[in-house]
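Each remark here refers to the structure printed beneath this line.
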Amino acid sequence: MKLLEGKLAVVTGAARGIGEAIATKFAEQGADVCFTYVSDSSRERATALEEKLRRYGVRGKAYQTNAADFLACEKLVNDIVAEFGKIDICVNNAGISKDNLLLRMTPEQWDEVMEVNLKSVFNMTKQVIRPMMKAKAGSIINMSSVIGEMGNAGQSSYAASKAGIIGFTKSIAKELGSRNIRSNAIAPGFVETDMTSYLKDGNAGEKYLADIPLGKFASPEDIANAALFLACPLSDYITGQVLSVCGGLNI
Ligand code: NAI
């Protein structure tokens with residue numbers, strides 16, 4: 001028996017990286033997966049992912065949707081519910097970083113990170129809880145970061161957005177627990193994706209590795225395994241939690 005048989009999951013920002021790994025893992029475990037990408041340049045990868053998901057015998061569908069746009073998210077969720085009838089799992093994964101020291105950070109840089117990383121979580125969650133309330137069940141998984149817990153020089157906007165996600169996640173868990181809707185966050189450490197391509201630069205990579213007890217960076221699949229756990233019945237009694245997947249970086 002697959003862990004997500006018959007479930008419908010939506011994953012934002014899934015044309016590559018962690019989102020792609022989560023979409024793939026969920027399909028492997030029997031879920032139909034709707035996922036978003038934002039830019040025209042990602043369309044080819046999104047189409048390739050649709051095909052990959054379908055090879056697991058599930059439905060996979062890509063939507064070009066800016067997660068930072070409230071009305072676009074409303075339309076996305078309405079379209080998914082119209083076609084698939086429900087949403088069981090929502091993974092708010094879309095995210096960016098615009099790193100800069102505070103002295104140099106512009107208001108535009110700050111706003112962009114907040115809109116894509118934090119407002120997107122509000123945008124999607126506000127919409128998906130309607131079908132979840134109707135079904136009296138749901139799992140919402142928000143992608144935070146170890147940086148949201150620890151802070152990092154040059155990443156004040158990113159850290160603030162990821163810390164904001166944790167407060168949001170816990171509040172929603174309290175609001176919706178009685179409806180059997182669970183809300184949890186994942187706080188990855190350093191994961192080898194396009195976002196962290198600087199880790200491949202020997203010096204920077206070595207410096208971070210020295211602080212990770214497990215002595216290696218995470219793969220996107222490490223994060224997808226945590227998302228699978230929080231999405232499936234194995235975590236039925238877990239809500240309002242932050243699951244750190246960071247190789248011990250935060251201890
Ligand atoms: P990535 O840069 O490879 O992927 C991010 C995805 O989000 C891309 O597909 C991008 O197109 C999409 N995206 C960006 N803006 C969007 C928007 N407005 N609407 C919809 N989609 C949008 O990054 P990665 O590493 O896969 O990150 C995924 C999530 O994990 C992000 O929220 C990131 O902050 C978080 N994370 C990543 C870590 C890492 O070390 N790579 C560590 C901790 C958290």
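Starting from 1 in every chain, residues are counted up; chains themselves are A, B, ... following the order of the structure tokens, and ligands are numbered from 1 as listed.
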Range 52-162 of chain A residues near range 43-48 of chain A within 10 Å, closest pair each, using only C-alpha atoms, as a tab-separated table:
```
residue	atom	partner	partner_atom	distance
A:Lys52	CA	A:Ala48	CA	6.2
A:Leu53	CA	A:Ala48	CA	8.8
A:Gly60	CA	A:Thr47	CA	9.6
A:Lys61	CA	A:Thr47	CA	8.5
A:Ala62	CA	A:Ala46	CA	6.1
A:Tyr63	CA	A:Ala46	CA	8.5
A:Gln64	CA	A:Arg43	CA	8.0
```
As a list in words, list the residues of range 132-196 of chain A assigned to strand (DSSP E or B) by DSSP on the backbone atoms of this structure.
Gly138, Ser139, Ile140, Ile141, Asn142, Met143, Ile181, Arg182, Ser183, Asn184, Ala185, Ile186, Ala187, Pro188 and Val191 of chain A
Take the residues just selected and output them with all heavy atoms as a compact mmCIF listing (two decimals), in the first residue's frame.
```
# COMPACT_ATOMS: atom_id res chain seq x y z
N GLY A 138 -6.81 17.55 6.22
CA GLY A 138 -5.83 18.20 5.35
C GLY A 138 -4.48 18.30 6.03
O GLY A 138 -4.39 18.29 7.26
N SER A 139 -3.45 18.38 5.19
CA SER A 139 -2.10 18.58 5.72
C SER A 139 -1.44 19.71 4.95
O SER A 139 -1.33 19.64 3.73
CB SER A 139 -1.28 17.29 5.59
OG SER A 139 0.06 17.54 6.01
N ILE A 140 -1.04 20.74 5.68
CA ILE A 140 -0.35 21.88 5.07
C ILE A 140 1.11 21.83 5.53
O ILE A 140 1.39 21.67 6.73
CB ILE A 140 -1.02 23.20 5.51
CG1 ILE A 140 -2.47 23.25 5.00
CG2 ILE A 140 -0.22 24.41 5.02
CD1 ILE A 140 -3.34 24.24 5.73
N ILE A 141 2.00 21.93 4.56
CA ILE A 141 3.43 21.83 4.87
C ILE A 141 4.13 23.07 4.31
O ILE A 141 4.07 23.32 3.10
CB ILE A 141 4.02 20.55 4.24
CG1 ILE A 141 3.29 19.31 4.79
CG2 ILE A 141 5.53 20.46 4.51
CD1 ILE A 141 3.51 18.06 3.98
N ASN A 142 4.74 23.84 5.19
CA ASN A 142 5.36 25.09 4.76
C ASN A 142 6.88 24.99 4.82
O ASN A 142 7.43 24.52 5.82
CB ASN A 142 4.87 26.23 5.66
CG ASN A 142 3.36 26.41 5.57
OD1 ASN A 142 2.79 26.29 4.48
ND2 ASN A 142 2.72 26.67 6.69
N MET A 143 7.53 25.45 3.77
CA MET A 143 8.99 25.32 3.70
C MET A 143 9.64 26.53 4.38
O MET A 143 9.70 27.62 3.84
CB MET A 143 9.44 25.22 2.25
CG MET A 143 10.76 24.51 2.07
SD MET A 143 10.85 22.87 2.85
CE MET A 143 9.75 21.95 1.77
N ILE A 181 -7.28 19.66 10.34
CA ILE A 181 -6.32 20.15 9.36
C ILE A 181 -5.01 20.40 10.10
O ILE A 181 -4.98 21.15 11.08
CB ILE A 181 -6.81 21.45 8.69
CG1 ILE A 181 -8.11 21.15 7.92
CG2 ILE A 181 -5.75 22.04 7.76
CD1 ILE A 181 -8.79 22.39 7.37
N ARG A 182 -3.95 19.75 9.64
CA ARG A 182 -2.66 19.88 10.30
C ARG A 182 -1.78 20.87 9.53
O ARG A 182 -1.89 21.00 8.31
CB ARG A 182 -1.96 18.52 10.36
CG ARG A 182 -2.77 17.49 11.15
CD ARG A 182 -2.07 16.16 11.31
NE ARG A 182 -1.83 15.46 10.07
CZ ARG A 182 -0.62 15.27 9.53
NH1 ARG A 182 0.47 15.73 10.12
NH2 ARG A 182 -0.50 14.62 8.39
N SER A 183 -0.94 21.58 10.27
CA SER A 183 -0.08 22.59 9.65
C SER A 183 1.31 22.46 10.28
O SER A 183 1.46 22.65 11.49
CB SER A 183 -0.69 23.97 9.92
OG SER A 183 0.26 25.00 9.75
N ASN A 184 2.28 22.09 9.47
CA ASN A 184 3.65 21.91 9.97
C ASN A 184 4.64 22.58 9.03
O ASN A 184 4.34 22.85 7.87
CB ASN A 184 3.98 20.41 10.07
CG ASN A 184 3.18 19.71 11.16
OD1 ASN A 184 3.40 19.93 12.36
ND2 ASN A 184 2.22 18.88 10.76
N ALA A 185 5.82 22.84 9.56
CA ALA A 185 6.88 23.43 8.74
C ALA A 185 8.08 22.48 8.69
O ALA A 185 8.30 21.70 9.61
CB ALA A 185 7.31 24.77 9.32
N ILE A 186 8.81 22.59 7.59
CA ILE A 186 10.10 21.90 7.49
C ILE A 186 11.17 22.98 7.49
O ILE A 186 11.03 24.00 6.80
CB ILE A 186 10.18 21.07 6.19
CG1 ILE A 186 9.11 19.97 6.19
CG2 ILE A 186 11.57 20.45 6.03
CD1 ILE A 186 9.04 19.18 4.90
N ALA A 187 12.21 22.76 8.27
CA ALA A 187 13.33 23.71 8.28
C ALA A 187 14.58 23.00 7.77
O ALA A 187 15.33 22.40 8.56
CB ALA A 187 13.54 24.26 9.69
N PRO A 188 14.79 23.05 6.45
CA PRO A 188 16.00 22.40 5.92
C PRO A 188 17.24 23.20 6.28
O PRO A 188 17.19 24.41 6.50
CB PRO A 188 15.79 22.44 4.39
CG PRO A 188 14.35 22.81 4.17
CD PRO A 188 13.95 23.61 5.38
N VAL A 191 20.77 22.60 1.35
CA VAL A 191 20.36 21.55 0.42
C VAL A 191 20.99 21.87 -0.94
O VAL A 191 20.98 23.04 -1.37
CB VAL A 191 18.82 21.54 0.25
CG1 VAL A 191 18.38 20.32 -0.55
CG2 VAL A 191 18.13 21.58 1.61
```
Write out as a Markdown table a residue-level contact list of chain A versus ligand 1 with cut-off 8 Å: for each qualifying residue the closest pair of atoms and the distance in Å to one decimal, counting only C-alpha atoms and all ligand atoms, rows sorted by chain and residue number upward.
```
| residue | atom | partner | partner_atom_place_in_ligand_line | distance |
| --- | --- | --- | --- | --- |
| A:Thr12 | CA | ligand 1 | 21 (N) | 5.8 |
| A:Gly13 | CA | ligand 1 | 21 (N) | 3.6 |
| A:Ala14 | CA | ligand 1 | 9 (O) | 5.1 |
| A:Ala15 | CA | ligand 1 | 9 (O) | 4.6 |
| A:Arg16 | CA | ligand 1 | 9 (O) | 4.8 |
| A:Gly17 | CA | ligand 1 | 26 (O) | 3.5 |
| A:Ile18 | CA | ligand 1 | 26 (O) | 3.8 |
| A:Gly19 | CA | ligand 1 | 26 (O) | 5.7 |
| A:Glu20 | CA | ligand 1 | 26 (O) | 7.6 |
| A:Thr36 | CA | ligand 1 | 20 (C) | 6.1 |
| A:Tyr37 | CA | ligand 1 | 21 (N) | 4.9 |
| A:Val38 | CA | ligand 1 | 20 (C) | 4.7 |
| A:Ser39 | CA | ligand 1 | 11 (O) | 6.5 |
| A:Ser42 | CA | ligand 1 | 11 (O) | 6.9 |
| A:Gln64 | CA | ligand 1 | 20 (C) | 7.9 |
| A:Thr65 | CA | ligand 1 | 20 (C) | 6.0 |
| A:Asn66 | CA | ligand 1 | 19 (N) | 3.8 |
| A:Ala67 | CA | ligand 1 | 19 (N) | 3.8 |
| A:Ala68 | CA | ligand 1 | 18 (N) | 4.9 |
| A:Asp69 | CA | ligand 1 | 18 (N) | 7.6 |
| A:Asn92 | CA | ligand 1 | 32 (O) | 7.6 |
| A:Asn93 | CA | ligand 1 | 32 (O) | 4.7 |
| A:Ala94 | CA | ligand 1 | 7 (O) | 3.8 |
| A:Gly95 | CA | ligand 1 | 32 (O) | 3.5 |
| A:Ile96 | CA | ligand 1 | 14 (C) | 5.5 |
| A:Ser97 | CA | ligand 1 | 34 (O) | 6.8 |
| A:Glu115 | CA | ligand 1 | 18 (N) | 7.8 |
| A:Val116 | CA | ligand 1 | 18 (N) | 4.9 |
| A:Asn117 | CA | ligand 1 | 32 (O) | 6.4 |
| A:Ser120 | CA | ligand 1 | 18 (N) | 7.5 |
| A:Met143 | CA | ligand 1 | 32 (O) | 5.2 |
| A:Ser144 | CA | ligand 1 | 44 (C) | 5.6 |
| A:Ser145 | CA | ligand 1 | 43 (C) | 4.0 |
| A:Val146 | CA | ligand 1 | 43 (C) | 6.3 |
| A:Ile147 | CA | ligand 1 | 43 (C) | 7.2 |
| A:Tyr158 | CA | ligand 1 | 34 (O) | 7.7 |
| A:Lys162 | CA | ligand 1 | 34 (O) | 7.6 |
| A:Ala187 | CA | ligand 1 | 43 (C) | 6.1 |
| A:Pro188 | CA | ligand 1 | 43 (C) | 4.3 |
| A:Gly189 | CA | ligand 1 | 42 (C) | 5.0 |
| A:Phe190 | CA | ligand 1 | 40 (O) | 3.6 |
| A:Val191 | CA | ligand 1 | 40 (O) | 3.6 |
| A:Glu192 | CA | ligand 1 | 41 (N) | 5.8 |
| A:Thr193 | CA | ligand 1 | 25 (O) | 4.8 |
| A:Asp194 | CA | ligand 1 | 3 (O) | 4.4 |
| A:Met195 | CA | ligand 1 | 2 (O) | 4.2 |
| A:Thr196 | CA | ligand 1 | 41 (N) | 5.3 |
| A:Ala218 | CA | ligand 1 | 40 (O) | 7.8 |
| A:Pro220 | CA | ligand 1 | 26 (O) | 7.2 |
```
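In this comparison, which uses only C-alpha atoms, the residue of A:Val11, A:Ala135, A:Ala173, A:Leu199 approaching Tyr237 in chain A most closely is A:Ala173.
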From the options A:Cys232, A:Val121, A:Ile129, A:Ala159, which residue's atoms come nearest to Phe70 in chain A, counting only C-alpha atoms?
A:Val121
Run DSSP on the backbone and grab whatever in range 82-176 of chain A lands in helix (DSSP H, G or I); send it over as an MDAnalysis selection string.
chainID A and resid 82:84 107:135 146:150 156:176
If you measure from CA of Leu4 in chain A to CA of Ala227 in chain A, what distance in Å do you get, rounded to one decimal?
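Between CA of Leu4 in chain A and CA of Ala227 in chain A the gap is 11.6 Å.
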